[in-house]
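Below is the file input03.cif, which contains mmCIF, C-alpha atoms and all ligand atoms.
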```
data_final
#
loop_
_atom_site.group_PDB
_atom_site.id
_atom_site.type_symbol
_atom_site.label_atom_id
_atom_site.label_comp_id
_atom_site.auth_asym_id
_atom_site.auth_seq_id
_atom_site.Cartn_x
_atom_site.Cartn_y
_atom_site.Cartn_z
ATOM 1 C CA MET A 1 -3.082 -39.538 29.487
ATOM 2 C CA THR A 2 -4.983 -39.909 32.788
ATOM 3 C CA SER A 3 -3.784 -41.994 35.753
ATOM 4 C CA PRO A 4 -5.560 -45.345 36.034
ATOM 5 C CA THR A 5 -6.096 -44.697 39.818
ATOM 6 C CA ARG A 6 -7.617 -41.184 39.394
ATOM 7 C CA PRO A 7 -10.967 -40.211 37.795
ATOM 8 C CA ALA A 8 -10.650 -38.496 34.375
ATOM 9 C CA GLY A 9 -10.469 -34.636 34.527
ATOM 10 C CA THR A 10 -9.125 -34.382 38.138
ATOM 11 C CA ALA A 11 -5.679 -32.980 39.014
ATOM 12 C CA PRO A 12 -3.109 -34.947 41.028
ATOM 13 C CA ARG A 13 -3.089 -34.048 44.748
ATOM 14 C CA ASN A 14 0.472 -32.612 44.493
ATOM 15 C CA ASP A 15 -0.618 -30.150 41.731
ATOM 16 C CA TYR A 16 -3.583 -29.062 43.818
ATOM 17 C CA TRP A 17 -1.430 -27.979 46.803
ATOM 18 C CA ARG A 18 1.235 -26.467 44.520
ATOM 19 C CA ASP A 19 -1.386 -24.248 42.786
ATOM 20 C CA ILE A 20 -2.647 -23.010 46.163
ATOM 21 C CA TYR A 21 0.926 -22.228 47.241
ATOM 22 C CA ARG A 22 1.573 -20.292 44.006
ATOM 23 C CA ALA A 23 -1.658 -18.284 44.326
ATOM 24 C CA ILE A 24 -0.811 -17.268 47.915
ATOM 25 C CA ARG A 25 2.772 -16.396 46.979
ATOM 26 C CA SER A 26 1.703 -14.178 44.058
ATOM 27 C CA LEU A 27 -0.896 -12.481 46.304
ATOM 28 C CA ILE A 28 1.788 -11.704 48.916
ATOM 29 C CA THR A 29 4.166 -10.403 46.220
ATOM 30 C CA GLY A 30 1.434 -8.102 44.856
ATOM 31 C CA MET A 31 0.496 -6.830 48.325
ATOM 32 C CA ARG A 32 4.157 -6.193 49.151
ATOM 33 C CA LEU A 33 4.537 -4.028 46.021
ATOM 34 C CA THR A 34 1.280 -2.191 46.746
ATOM 35 C CA LEU A 35 2.378 -1.408 50.315
ATOM 36 C CA ARG A 36 5.807 -0.271 49.172
ATOM 37 C CA TYR A 37 4.319 2.268 46.697
ATOM 38 C CA MET A 38 1.599 3.297 49.140
ATOM 39 C CA PHE A 39 4.186 4.649 51.574
ATOM 40 C CA SER A 40 6.784 5.946 49.080
ATOM 41 C CA ARG A 41 6.982 9.644 48.160
ATOM 42 C CA SER A 42 4.595 10.712 45.403
ATOM 43 C CA ILE A 43 6.187 11.949 42.163
ATOM 44 C CA THR A 44 3.023 13.473 40.696
ATOM 45 C CA VAL A 45 1.293 16.688 41.734
ATOM 46 C CA HIS A 46 -2.347 17.681 41.761
ATOM 47 C CA TYR A 47 -2.110 20.206 38.917
ATOM 48 C CA PRO A 48 -3.266 22.963 38.743
ATOM 49 C CA PHE A 49 -3.690 23.208 42.529
ATOM 50 C CA GLU A 50 -0.027 22.316 42.866
ATOM 51 C CA ARG A 51 2.672 22.712 40.244
ATOM 52 C CA LEU A 52 6.285 21.808 39.700
ATOM 53 C CA ALA A 53 8.910 24.454 38.942
ATOM 54 C CA PHE A 54 9.991 24.478 35.315
ATOM 55 C CA ALA A 55 13.593 23.949 34.344
ATOM 56 C CA PRO A 56 15.388 27.264 33.765
ATOM 57 C CA ARG A 57 15.629 26.678 30.010
ATOM 58 C CA TYR A 58 12.046 25.446 29.614
ATOM 59 C CA ARG A 59 10.566 26.490 26.242
ATOM 60 C CA GLY A 60 6.928 27.538 26.565
ATOM 61 C CA ILE A 61 4.651 29.907 24.666
ATOM 62 C CA HIS A 62 6.608 32.881 23.366
ATOM 63 C CA GLU A 63 6.887 36.274 24.994
ATOM 64 C CA PHE A 64 7.397 39.105 22.525
ATOM 65 C CA GLU A 65 8.544 42.681 23.079
ATOM 66 C CA ALA A 66 7.031 44.455 20.064
ATOM 67 C CA ASP A 67 8.607 47.776 20.993
ATOM 68 C CA LYS A 68 12.087 46.295 20.445
ATOM 69 C CA CYS A 69 11.341 44.376 17.231
ATOM 70 C CA ILE A 70 12.984 45.846 14.105
ATOM 71 C CA ALA A 71 11.084 43.512 11.732
ATOM 72 C CA CYS A 72 14.327 42.090 10.362
ATOM 73 C CA ASN A 73 12.703 38.670 9.695
ATOM 74 C CA MET A 74 15.670 36.773 11.124
ATOM 75 C CA CYS A 75 13.421 34.793 13.466
ATOM 76 C CA ALA A 76 11.055 33.891 10.616
ATOM 77 C CA LYS A 77 13.968 32.732 8.470
ATOM 78 C CA ALA A 78 15.300 30.570 11.312
ATOM 79 C CA CYS A 79 11.924 28.912 11.926
ATOM 80 C CA PRO A 80 12.014 25.384 10.467
ATOM 81 C CA VAL A 81 8.231 25.234 9.972
ATOM 82 C CA ASP A 82 7.591 28.804 8.711
ATOM 83 C CA CYS A 83 5.049 29.665 11.353
ATOM 84 C CA ILE A 84 6.100 33.261 12.088
ATOM 85 C CA TYR A 85 4.340 36.004 10.103
ATOM 86 C CA ILE A 86 5.776 39.550 10.097
ATOM 87 C CA ASP A 87 4.638 42.695 8.324
ATOM 88 C CA ALA A 88 5.932 46.274 8.706
ATOM 89 C CA THR A 89 5.371 49.486 6.781
ATOM 90 C CA ALA A 90 9.107 50.309 6.554
ATOM 91 C CA PRO A 91 12.465 49.284 8.088
ATOM 92 C CA ARG A 92 12.812 49.839 11.815
ATOM 93 C CA LYS A 93 15.872 50.442 13.953
ATOM 94 C CA ILE A 94 16.635 50.716 17.642
ATOM 95 C CA ASP A 95 16.854 54.223 19.051
ATOM 96 C CA GLN A 96 19.982 54.184 21.226
ATOM 97 C CA LYS A 97 18.496 56.673 23.700
ATOM 98 C CA THR A 98 15.207 54.927 24.395
ATOM 99 C CA GLY A 99 16.166 51.355 23.511
ATOM 100 C CA LYS A 100 12.928 51.127 21.498
ATOM 101 C CA ALA A 101 12.427 50.460 17.799
ATOM 102 C CA SER A 102 11.397 53.374 15.616
ATOM 103 C CA GLY A 103 10.908 54.053 11.923
ATOM 104 C CA GLY A 104 8.258 51.943 10.223
ATOM 105 C CA GLU A 105 5.216 50.578 11.966
ATOM 106 C CA LEU A 106 5.128 46.898 12.940
ATOM 107 C CA LEU A 107 1.786 45.898 11.431
ATOM 108 C CA ARG A 108 1.869 42.236 12.280
ATOM 109 C CA PHE A 109 3.892 39.754 14.291
ATOM 110 C CA ALA A 110 2.055 36.446 14.617
ATOM 111 C CA ILE A 111 2.926 32.833 15.434
ATOM 112 C CA ASP A 112 0.839 29.872 14.329
ATOM 113 C CA TYR A 113 0.778 27.465 17.290
ATOM 114 C CA GLN A 114 -0.763 24.741 15.164
ATOM 115 C CA LYS A 115 2.683 24.423 13.598
ATOM 116 C CA CYS A 116 5.132 25.700 16.231
ATOM 117 C CA MET A 117 7.195 22.914 17.782
ATOM 118 C CA PHE A 118 8.786 25.021 20.541
ATOM 119 C CA CYS A 119 12.299 24.432 19.266
ATOM 120 C CA GLY A 120 13.422 27.937 20.299
ATOM 121 C CA LEU A 121 15.428 28.486 17.096
ATOM 122 C CA CYS A 122 13.611 31.770 16.452
ATOM 123 C CA THR A 123 15.011 33.313 19.646
ATOM 124 C CA GLU A 124 18.657 32.738 18.843
ATOM 125 C CA PRO A 125 19.305 35.089 15.863
ATOM 126 C CA CYS A 126 17.186 37.998 17.158
ATOM 127 C CA PRO A 127 19.509 41.053 17.156
ATOM 128 C CA THR A 128 17.460 42.950 19.737
ATOM 129 C CA ASP A 129 16.623 40.026 22.052
ATOM 130 C CA CYS A 130 12.905 40.739 21.844
ATOM 131 C CA ILE A 131 11.506 37.234 21.388
ATOM 132 C CA HIS A 132 11.732 34.747 24.259
ATOM 133 C CA MET A 133 10.497 31.270 25.092
ATOM 134 C CA GLY A 134 8.098 31.773 28.020
ATOM 135 C CA LYS A 135 7.028 29.558 30.904
ATOM 136 C CA LEU A 136 3.390 28.842 30.000
ATOM 137 C CA HIS A 137 2.501 25.633 28.198
ATOM 138 C CA ASP A 138 -1.277 25.510 28.186
ATOM 139 C CA LEU A 139 -2.555 27.532 25.268
ATOM 140 C CA SER A 140 -6.057 26.461 24.242
ATOM 141 C CA ALA A 141 -8.634 27.853 21.814
ATOM 142 C CA TYR A 142 -12.057 27.106 20.347
ATOM 143 C CA SER A 143 -10.984 27.493 16.709
ATOM 144 C CA ARG A 144 -7.949 26.818 14.555
ATOM 145 C CA GLN A 145 -7.737 30.524 13.742
ATOM 146 C CA ASP A 146 -7.396 31.354 17.442
ATOM 147 C CA MET A 147 -4.269 29.190 17.555
ATOM 148 C CA VAL A 148 -2.584 31.898 15.459
ATOM 149 C CA VAL A 149 -1.502 34.349 18.140
ATOM 150 C CA GLU A 150 -1.345 37.971 16.985
ATOM 151 C CA PHE A 151 1.391 39.405 19.200
ATOM 152 C CA THR A 152 1.059 42.951 17.814
ATOM 153 C CA GLU A 153 -2.592 42.996 18.916
ATOM 154 C CA LEU A 154 -1.588 41.717 22.362
ATOM 155 C CA ASP A 155 1.016 44.485 22.543
ATOM 156 C CA ARG A 156 -1.727 47.081 22.052
ATOM 157 C CA LYS A 157 -3.288 45.702 25.249
ATOM 158 C CA GLY A 158 0.060 45.775 27.037
ATOM 159 C CA GLN A 159 0.605 41.985 27.002
ATOM 160 C CA ARG A 160 3.746 40.138 25.943
ATOM 161 C CA THR A 161 2.091 36.747 25.731
ATOM 162 C CA PRO A 162 -1.482 35.408 25.378
ATOM 163 C CA LEU A 163 -3.586 34.809 28.487
ATOM 164 C CA PRO A 164 -4.623 31.123 28.499
ATOM 165 C CA LEU A 165 -8.400 30.656 28.795
ATOM 166 C CA TRP A 166 -8.188 28.409 31.851
ATOM 167 C CA ILE A 167 -5.893 30.838 33.700
ATOM 168 C CA ASP A 168 -8.448 33.583 33.189
ATOM 169 C CA ARG A 169 -11.259 31.331 34.478
ATOM 170 C CA ASN A 170 -9.466 29.836 37.485
ATOM 171 C CA ALA A 171 -7.604 32.861 38.797
ATOM 172 C CA GLY A 172 -10.228 33.342 41.527
ATOM 173 C CA GLN A 173 -9.691 29.869 43.022
ATOM 174 C CA ILE A 174 -5.937 29.246 42.816
ATOM 175 C CA PRO A 175 -3.398 31.774 44.160
ATOM 176 C CA TRP A 176 -0.501 31.013 41.792
ATOM 177 C CA VAL A 177 -2.883 31.201 38.810
ATOM 178 C CA ALA A 178 -4.045 34.648 39.956
ATOM 179 C CA SER A 179 -0.465 35.880 40.173
ATOM 180 C CA GLU A 180 0.330 34.481 36.705
ATOM 181 C CA ARG A 181 -2.754 36.187 35.248
ATOM 182 C CA ASP A 182 -1.734 39.504 36.841
ATOM 183 C CA ARG A 183 1.808 39.153 35.533
ATOM 184 C CA ILE A 184 0.559 38.492 31.991
ATOM 185 C CA LEU A 185 -1.868 41.417 32.089
ATOM 186 C CA ARG A 186 0.914 43.705 33.385
ATOM 187 C CA GLY A 187 3.061 42.717 30.383
ATOM 188 C CA GLU A 188 5.817 41.396 32.626
ATOM 189 C CA LEU A 189 8.211 38.825 31.170
ATOM 190 C CA ALA A 190 8.504 35.444 32.865
ATOM 191 C CA THR A 191 11.892 34.940 31.314
ATOM 192 C CA LYS A 192 14.656 36.678 33.198
ATOM 193 C CA ALA A 193 18.300 36.712 32.167
ATOM 194 C CA ALA A 194 19.234 34.829 35.335
ATOM 195 C CA ASP A 195 16.834 32.009 34.393
ATOM 196 C CA THR A 196 18.724 31.057 31.270
ATOM 197 C CA PRO A 197 22.327 30.132 32.020
ATOM 198 C CA ALA A 198 24.598 30.012 28.985
ATOM 199 C CA VAL A 199 25.361 26.530 27.651
HETATM 200 S S1 LIG A 201 9.864 27.814 18.507
HETATM 201 FE FE1 LIG A 201 10.643 26.875 16.605
HETATM 202 S S2 LIG A 201 8.817 26.280 15.474
HETATM 203 FE FE2 LIG A 201 8.143 27.733 17.045
HETATM 204 S S3 LIG A 201 8.155 29.733 16.067
HETATM 205 FE FE3 LIG A 201 10.167 29.469 17.019
HETATM 206 S S4 LIG A 201 11.478 28.578 15.424
HETATM 207 FE FE4 LIG A 201 9.344 28.320 14.754
HETATM 208 S S1 LIG A 202 14.546 38.534 14.843
HETATM 209 FE FE1 LIG A 202 13.823 39.800 16.541
HETATM 210 S S2 LIG A 202 13.874 41.881 15.757
HETATM 211 FE FE2 LIG A 202 13.967 40.520 13.985
HETATM 212 S S3 LIG A 202 11.826 40.290 13.347
HETATM 213 FE FE3 LIG A 202 12.279 38.601 14.711
HETATM 214 S S4 LIG A 202 11.640 39.296 16.742
HETATM 215 FE FE4 LIG A 202 11.789 41.098 15.424
#
```
Please re-express this file's structure in structure tokens.
Amino acid sequence: MTSPTRPAGTAPRNDYWRDIYRAIRSLITGMRLTLRYMFSRSITVHYPFERLAFAPRYRGIHEFEADKCIACNMCAKACPVDCIYIDATAPRKIDQKTGKASGGELLRFAIDYQKCMFCGLCTEPCPTDCIHMGKLHDLSAYSRQDMVVEFTELDRKGQRTPLPLWIDRNAGQIPWVASERDRILRGELATKAADTPAV
């Protein structure tokens, strides 16, 4: 119902000033929040030019020491999604003198990263401690087949883990990426015993 002293469709004078007050107050509240976040410490980094350190028990793409694998299948049996594929010509065992596996030939050790959920369960039963969760997270590929990583083929090139495409392409521009690429190509493990405290 409209007031008899006021034209239809117009607001009372009190409402007019109250709306202006509310608009100014909400503007000041918004600006105060903006200023507070503008000068607070940033919690994001400009990846890949900067990066955060991973937690010691971070579970990334696997690192595999084929020369210590005895093809016992314990990791494959522990995997909840059956994404580890192993094939060997005959049983293998660790030579106590060299610390390397001998006997049959390890024909295939592959992990399908379309299915892997990085649970780390495969690393726990390994009797020779030759499969580790690494510190790289950015595996990419152009085909589904390339998401199946053939670790025995990598081992023939001296690698323990696949070299991500983007690391290969950006090594020239970013120093830490270059050192990661060199580490991978040298077949050096990222996972060190000291990184993984017992729980
Ligand atoms: S991390 Fe988990 S899902 Fe991936 S291969 Fe190992 S056991 Fe299977
Ligand atoms: S549990 Fe270890 S030794 Fe056995 S097949 Fe798996 S990686 Fe090889």
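Around the point (13.8, 34.9, 8.9), within 12 Å and counting all atoms listed in the file, we find these residues: Ala71, Cys72, Asn73, Met74, Cys75, Ala76, Lys77, Ala78, Cys79, Pro80, Val81, Asp82, Cys83, Ile84, Tyr85, Ile86, Leu121, Cys122, Thr123, Glu124, Pro125, Cys126 and Pro127 of chain A.
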Once the PyMOL selection byres (((chain A and resi 182-193) around 9) and not hetatm) has been applied to the shown file, what residues remain in the selection, as an MDAnalysis selection string? chainID A and resid 56 63:65 132:136 155 157:163 177:181 194:197
Just C-alpha atoms for this one: save the residues we selected as a CSV table (one decimal), keeping the file's coordinate frame.
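Full text of part-v6.csv as output:
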```csv
chain,number,residue,atom,x,y,z
A,56,PRO,CA,15.4,27.3,33.8
A,63,GLU,CA,6.9,36.3,25.0
A,64,PHE,CA,7.4,39.1,22.5
A,65,GLU,CA,8.5,42.7,23.1
A,132,HIS,CA,11.7,34.7,24.3
A,133,MET,CA,10.5,31.3,25.1
A,134,GLY,CA,8.1,31.8,28.0
A,135,LYS,CA,7.0,29.6,30.9
A,136,LEU,CA,3.4,28.8,30.0
A,155,ASP,CA,1.0,44.5,22.5
A,157,LYS,CA,-3.3,45.7,25.2
A,158,GLY,CA,0.1,45.8,27.0
A,159,GLN,CA,0.6,42.0,27.0
A,160,ARG,CA,3.7,40.1,25.9
A,161,THR,CA,2.1,36.7,25.7
A,162,PRO,CA,-1.5,35.4,25.4
A,163,LEU,CA,-3.6,34.8,28.5
A,177,VAL,CA,-2.9,31.2,38.8
A,178,ALA,CA,-4.0,34.6,40.0
A,179,SER,CA,-0.5,35.9,40.2
A,180,GLU,CA,0.3,34.5,36.7
A,181,ARG,CA,-2.8,36.2,35.2
A,194,ALA,CA,19.2,34.8,35.3
A,195,ASP,CA,16.8,32.0,34.4
A,196,THR,CA,18.7,31.1,31.3
A,197,PRO,CA,22.3,30.1,32.0
```
Counting all atoms listed in the file, the residue of A:Met147, A:Leu33, A:Ala90, A:Cys69 that sits nearest Lys115 in chain A: A:Met147
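Checking A:Arg156, A:Ser140, A:Gln145, A:Arg59 one by one against ligand LIG 201 (chain A), counting all atoms listed in the file, you find the shortest gap at A:Arg59.
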Write out as a ChimeraX atom specification which residues come within 7 Å of Ser102 in chain A when counting only C-alpha atoms, dropping same-chain ones fewer than 2 positions away. /A:92-95,100,104
Gap from atom S4 of ligand LIG 201 (chain A) to CA of Gly99 in chain A - Å, one decimal: 24.6 Å
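Closest approach to Asp67 in chain A from the set A:Asp112, A:Glu150, A:Asp138, A:Asp129 is made by A:Asp129, with distances taken over all atoms listed in the file.
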The residue from A:Lys68, A:Arg18, A:His46, A:His137 with the smallest atom-to-atom distance to Gly103 in chain A, counting all atoms listed in the file, is A:Lys68
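Note that the spacing between CA of Ile174 in chain A and CA of Tyr142 in chain A amounts to 23.4 Å.
Here CA of Arg144 in chain A is placed at a distance of 16.3 Å from atom FE2 of ligand LIG 201 (chain A).
Closest approach to ligand LIG 201 (chain A) from the set A:Thr44, A:Gln114, A:Asn170, A:Ser143 is made by A:Gln114, with distances taken over all atoms listed in the file.
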When distances are computed from all atoms listed in the file, which of A:Gln173, A:Thr152, A:Gln96, A:Thr128 shows the smallest separation from ligand LIG 202 (chain A)? A:Thr128
Only C-alpha atoms, as a tab-separated table (two decimals), in the first residue's frame: that is what I want for range 31-68 of chain A.
```tsv
chain	number	residue	atom	x	y	z
A	31	MET	CA	37.80	-2.94	0.46
A	32	ARG	CA	39.00	-3.80	3.97
A	33	LEU	CA	39.07	-7.52	3.08
A	34	THR	CA	40.81	-6.82	-0.23
A	35	LEU	CA	43.51	-4.75	1.48
A	36	ARG	CA	44.01	-7.36	4.19
A	37	TYR	CA	44.65	-10.14	1.61
A	38	MET	CA	46.70	-7.84	-0.60
A	39	PHE	CA	49.33	-7.44	2.11
A	40	SER	CA	49.16	-10.93	3.67
A	41	ARG	CA	51.73	-13.62	2.79
A	42	SER	CA	50.94	-15.58	-0.36
A	43	ILE	CA	50.25	-19.31	0.08
A	44	THR	CA	50.51	-20.22	-3.61
A	45	VAL	CA	53.65	-20.48	-5.72
A	46	HIS	CA	54.28	-19.78	-9.38
A	47	TYR	CA	54.80	-23.41	-10.41
A	48	PRO	CA	56.92	-24.58	-12.17
A	49	PHE	CA	59.21	-21.56	-11.72
A	50	GLU	CA	58.87	-22.03	-7.98
A	51	ARG	CA	57.89	-25.20	-6.15
A	52	LEU	CA	57.05	-26.34	-2.67
A	53	ALA	CA	58.97	-29.16	-0.97
A	54	PHE	CA	57.03	-32.40	-0.83
A	55	ALA	CA	56.26	-34.08	2.45
A	56	PRO	CA	58.78	-36.82	3.25
A	57	ARG	CA	56.22	-39.58	2.71
A	58	TYR	CA	54.77	-38.10	-0.48
A	59	ARG	CA	53.67	-40.83	-2.93
A	60	GLY	CA	54.51	-39.92	-6.52
A	61	ILE	CA	55.28	-41.90	-9.67
A	62	HIS	CA	57.14	-45.10	-8.81
A	63	GLU	CA	60.87	-45.63	-8.93
A	64	PHE	CA	61.87	-49.21	-9.68
A	65	GLU	CA	65.20	-50.97	-9.28
A	66	ALA	CA	64.91	-53.79	-11.84
A	67	ASP	CA	68.27	-55.26	-10.88
A	68	LYS	CA	66.94	-56.07	-7.39
```
